[in-house]
$ cat data_25.tsv   # TSV, C-alpha atoms
chain	number	residue	atom	x	y	z
A	1	MET	CA	148.35	109.55	-59.66
A	2	ALA	CA	146.89	111.09	-56.48
A	3	LYS	CA	145.29	114.50	-56.46
A	4	ASN	CA	147.38	117.36	-55.23
A	5	PRO	CA	146.13	118.38	-51.71
A	6	GLY	CA	147.61	121.86	-52.11
A	7	LEU	CA	145.55	122.39	-55.24
A	8	GLN	CA	142.36	121.36	-53.43
A	9	VAL	CA	143.03	123.85	-50.62
A	10	GLN	CA	143.73	126.56	-53.16
A	11	LYS	CA	140.41	125.79	-54.94
A	12	ARG	CA	138.52	125.99	-51.62
A	13	VAL	CA	140.12	129.34	-50.82
A	14	MET	CA	139.23	130.67	-54.27
A	15	THR	CA	135.67	129.39	-53.90
A	16	ARG	CA	135.33	131.20	-50.54
A	17	LYS	CA	136.73	134.38	-52.05
A	18	ARG	CA	134.22	134.16	-54.90
A	19	ILE	CA	131.38	133.61	-52.43
A	20	TYR	CA	132.48	136.63	-50.38
A	21	ILE	CA	132.87	138.79	-53.46
A	22	ILE	CA	129.50	137.76	-54.89
A	23	GLY	CA	127.84	138.19	-51.47
A	24	GLY	CA	129.39	141.62	-51.02
A	25	MET	CA	128.36	142.72	-54.49
A	26	THR	CA	124.84	141.42	-53.88
A	27	PHE	CA	124.66	143.34	-50.61
A	28	VAL	CA	125.82	146.55	-52.31
A	29	VAL	CA	123.28	146.16	-55.12
A	30	VAL	CA	120.41	145.44	-52.71
A	31	ALA	CA	121.39	148.38	-50.50
A	32	PHE	CA	121.55	150.64	-53.55
A	33	VAL	CA	118.16	149.48	-54.81
A	34	LEU	CA	116.58	150.07	-51.41
A	35	PHE	CA	118.26	153.23	-50.16
A	36	SER	CA	119.41	155.22	-53.19
A	37	PRO	CA	117.65	158.47	-54.12
A	38	TYR	CA	115.75	156.50	-56.75
A	39	GLY	CA	115.33	153.42	-54.58
A	40	VAL	CA	112.30	151.47	-53.52
A	41	ILE	CA	111.93	153.13	-50.11
A	42	THR	CA	112.09	156.61	-51.62
A	43	ARG	CA	109.52	155.65	-54.24
A	44	LEU	CA	107.16	154.24	-51.60
A	45	ASN	CA	107.44	157.42	-49.53
A	46	LEU	CA	106.78	159.55	-52.60
A	47	ALA	CA	103.80	157.39	-53.57
A	48	SER	CA	102.19	157.86	-50.16
A	49	GLU	CA	102.89	161.59	-50.36
A	50	ILE	CA	101.22	161.71	-53.77
A	51	VAL	CA	98.12	160.01	-52.37
A	52	GLY	CA	97.94	162.57	-49.56
A	53	LEU	CA	98.39	165.47	-51.97
A	54	GLU	CA	95.69	164.12	-54.27
A	55	LYS	CA	93.28	163.95	-51.32
A	56	THR	CA	94.19	167.51	-50.37
A	57	THR	CA	93.68	168.64	-53.96
A	58	THR	CA	90.26	167.00	-54.10
A	59	ARG	CA	89.23	168.61	-50.81
A	60	MET	CA	90.48	172.03	-51.92
A	61	ARG	CA	88.66	171.77	-55.26
A	62	ALA	CA	85.42	171.00	-53.42
A	63	THR	CA	85.99	174.02	-51.19
A	64	GLU	CA	86.72	176.18	-54.23
A	65	ASP	CA	83.51	175.03	-55.95
A	66	SER	CA	81.51	175.81	-52.82
A	67	LEU	CA	83.07	179.27	-52.54
A	68	ARG	CA	82.43	180.00	-56.22
A	69	LYS	CA	78.76	179.02	-55.83
A	70	THR	CA	78.47	181.25	-52.77
A	71	ALA	CA	80.08	184.14	-54.67
A	72	VAL	CA	77.63	183.73	-57.56
A	73	ARG	CA	74.69	183.62	-55.14
A	74	LEU	CA	75.90	186.79	-53.42
A	75	GLN	CA	76.30	188.57	-56.76
A	76	THR	CA	72.88	187.59	-58.10
A	77	ASP	CA	70.55	187.05	-55.12
A	78	SER	CA	69.73	190.00	-52.87
A	79	THR	CA	67.93	187.76	-50.38
A	80	GLU	CA	71.20	185.88	-49.84
A	81	ILE	CA	72.94	189.14	-48.94
A	82	GLU	CA	70.09	189.99	-46.58
A	83	ARG	CA	70.31	186.56	-44.93
A	84	LEU	CA	74.06	186.92	-44.36
A	85	ALA	CA	73.64	190.43	-42.97
A	86	ARG	CA	71.04	189.16	-40.52
A	87	GLU	CA	73.10	186.14	-39.43
A	88	ARG	CA	76.52	187.71	-39.15
A	89	TYR	CA	75.85	191.30	-38.21
A	90	GLY	CA	72.49	191.11	-36.47
A	91	TYR	CA	70.71	193.43	-38.91
A	92	VAL	CA	66.94	193.67	-38.53
A	93	ARG	CA	64.17	195.22	-40.57
A	94	PRO	CA	62.28	198.15	-39.13
A	95	GLY	CA	59.62	196.89	-36.75
A	96	GLU	CA	61.31	193.52	-36.10
A	97	HIS	CA	62.39	192.38	-32.67
A	98	VAL	CA	65.51	190.30	-32.02
A	99	PHE	CA	65.52	187.63	-29.35
A	100	ILE	CA	68.96	186.56	-28.14
A	101	ILE	CA	68.95	183.08	-26.68
A	102	LYS	CA	71.97	182.24	-24.56
A	103	ARG	CA	73.00	178.64	-24.19
A	104	ASP	CA	73.72	177.14	-20.82
A	105	THR	CA	77.49	176.54	-20.79
A	106	THR	CA	77.77	175.33	-17.19
A	107	LYS	CA	77.41	171.65	-18.09

$ encode --input "data_25.tsv" --output "structure tokens"
Amino acid sequence: MAKNPGLQVQKRVMTRKRIYIIGGMTFVVVAFVLFSPYGVITRLNLASEIVGLEKTTTRMRATEDSLRKTAVRLQTDSTEIERLARERYGYVRPGEHVFIIKRDTTK
């Protein structure tokens, strides 16, 4: 007996429908994995932000350590206070002369 041509057409149509359904579901899953709030792209952005924040934290800790050392020096060393007063405020000891050297800014 010969195969039913109507049945073959029906099988082809069902196969196409399955392919479209599977393709659509695959597209939805891939889109969800990439673009959802917990997706790959979000995680990559957060990872790069974490790296930047860790660098900032390291830099700020170094600054904090430097400031703490300066604070300790200022609390314990009177010559450090004298040096800062001379540099920042132009203080001089009695009998000293201050020479102000101006830089040439016309270049």

$ atom_distance --input "data_25.tsv" --atom1 "CA of Glu87 (chain A)" --atom2 "CA of Thr70 (chain A)"
15.2 Å

$ axis_aligned_box --input "data_25.tsv" --around "region 19-37 of chain A" --padding-each-side "4 Å" --output "lines of an AutoDock Vina configuration file"
center_x = 124.7
center_y = 146.0
center_z = -52.6
size_x = 24.3
size_y = 32.9
size_z = 13.0

$ atom_distance --input "data_25.tsv" --atom1 "CA of Gly24 (chain A)" --atom2 "CA of Thr42 (chain A)"
22.9 Å

$ atom_distance --input "data_25.tsv" --atom1 "CA of Arg68 (chain A)" --atom2 "CA of Val51 (chain A)"
25.7 Å

$ residues_around --input "data_25.tsv" --residues "region 96-99 of chain A" --least-positions-apart "4" --cutoff "12 Å" --atoms "only C-alpha atoms" --output "ChimeraX atom specification"
/A:86-87,90-92

$ build_atoms --input "data_25.tsv" --residues "region 71-89 of chain A" --atoms "N, CA and C atoms" --output "PDB file, in the coordinates of the input"
ATOM      1  N   ALA A  71      79.801 182.843 -54.051  1.00  0.00           N
ATOM      2  CA  ALA A  71      80.080 184.140 -54.670  1.00  0.00           C
ATOM      3  C   ALA A  71      79.038 184.475 -55.728  1.00  0.00           C
ATOM      4  N   VAL A  72      78.655 183.492 -56.529  1.00  0.00           N
ATOM      5  CA  VAL A  72      77.630 183.730 -57.560  1.00  0.00           C
ATOM      6  C   VAL A  72      76.301 184.060 -56.907  1.00  0.00           C
ATOM      7  N   ARG A  73      75.938 183.331 -55.840  1.00  0.00           N
ATOM      8  CA  ARG A  73      74.690 183.620 -55.140  1.00  0.00           C
ATOM      9  C   ARG A  73      74.701 185.034 -54.564  1.00  0.00           C
ATOM     10  N   LEU A  74      75.823 185.445 -54.005  1.00  0.00           N
ATOM     11  CA  LEU A  74      75.900 186.790 -53.420  1.00  0.00           C
ATOM     12  C   LEU A  74      75.832 187.869 -54.492  1.00  0.00           C
ATOM     13  N   GLN A  75      76.336 187.580 -55.682  1.00  0.00           N
ATOM     14  CA  GLN A  75      76.300 188.570 -56.760  1.00  0.00           C
ATOM     15  C   GLN A  75      74.917 188.670 -57.398  1.00  0.00           C
ATOM     16  N   THR A  76      74.149 187.604 -57.364  1.00  0.00           N
ATOM     17  CA  THR A  76      72.880 187.590 -58.100  1.00  0.00           C
ATOM     18  C   THR A  76      71.641 187.611 -57.214  1.00  0.00           C
ATOM     19  N   ASP A  77      71.737 187.212 -55.968  1.00  0.00           N
ATOM     20  CA  ASP A  77      70.550 187.050 -55.120  1.00  0.00           C
ATOM     21  C   ASP A  77      70.611 188.018 -53.946  1.00  0.00           C
ATOM     22  N   SER A  78      69.720 189.001 -53.954  1.00  0.00           N
ATOM     23  CA  SER A  78      69.730 190.000 -52.870  1.00  0.00           C
ATOM     24  C   SER A  78      69.234 189.397 -51.554  1.00  0.00           C
ATOM     25  N   THR A  79      68.396 188.373 -51.626  1.00  0.00           N
ATOM     26  CA  THR A  79      67.930 187.760 -50.380  1.00  0.00           C
ATOM     27  C   THR A  79      69.075 187.022 -49.674  1.00  0.00           C
ATOM     28  N   GLU A  80      70.037 186.533 -50.443  1.00  0.00           N
ATOM     29  CA  GLU A  80      71.200 185.880 -49.840  1.00  0.00           C
ATOM     30  C   GLU A  80      72.035 186.897 -49.061  1.00  0.00           C
ATOM     31  N   ILE A  81      72.196 188.081 -49.629  1.00  0.00           N
ATOM     32  CA  ILE A  81      72.940 189.140 -48.940  1.00  0.00           C
ATOM     33  C   ILE A  81      72.203 189.532 -47.658  1.00  0.00           C
ATOM     34  N   GLU A  82      70.884 189.641 -47.756  1.00  0.00           N
ATOM     35  CA  GLU A  82      70.090 189.990 -46.580  1.00  0.00           C
ATOM     36  C   GLU A  82      70.221 188.913 -45.499  1.00  0.00           C
ATOM     37  N   ARG A  83      70.182 187.654 -45.896  1.00  0.00           N
ATOM     38  CA  ARG A  83      70.310 186.560 -44.930  1.00  0.00           C
ATOM     39  C   ARG A  83      71.657 186.611 -44.218  1.00  0.00           C
ATOM     40  N   LEU A  84      72.734 186.830 -44.981  1.00  0.00           N
ATOM     41  CA  LEU A  84      74.060 186.920 -44.360  1.00  0.00           C
ATOM     42  C   LEU A  84      74.163 188.111 -43.421  1.00  0.00           C
ATOM     43  N   ALA A  85      73.596 189.239 -43.822  1.00  0.00           N
ATOM     44  CA  ALA A  85      73.640 190.430 -42.970  1.00  0.00           C
ATOM     45  C   ALA A  85      72.896 190.173 -41.658  1.00  0.00           C
ATOM     46  N   ARG A  86      71.792 189.460 -41.734  1.00  0.00           N
ATOM     47  CA  ARG A  86      71.040 189.160 -40.520  1.00  0.00           C
ATOM     48  C   ARG A  86      71.803 188.191 -39.616  1.00  0.00           C
ATOM     49  N   GLU A  87      72.398 187.155 -40.227  1.00  0.00           N
ATOM     50  CA  GLU A  87      73.100 186.140 -39.430  1.00  0.00           C
ATOM     51  C   GLU A  87      74.375 186.687 -38.806  1.00  0.00           C
ATOM     52  N   ARG A  88      75.188 187.310 -39.616  1.00  0.00           N
ATOM     53  CA  ARG A  88      76.520 187.710 -39.150  1.00  0.00           C
ATOM     54  C   ARG A  88      76.533 189.017 -38.371  1.00  0.00           C
ATOM     55  N   TYR A  89      75.740 189.965 -38.805  1.00  0.00           N
ATOM     56  CA  TYR A  89      75.850 191.300 -38.210  1.00  0.00           C
ATOM     57  C   TYR A  89      74.635 191.697 -37.386  1.00  0.00           C
TER      58      TYR A  89
END
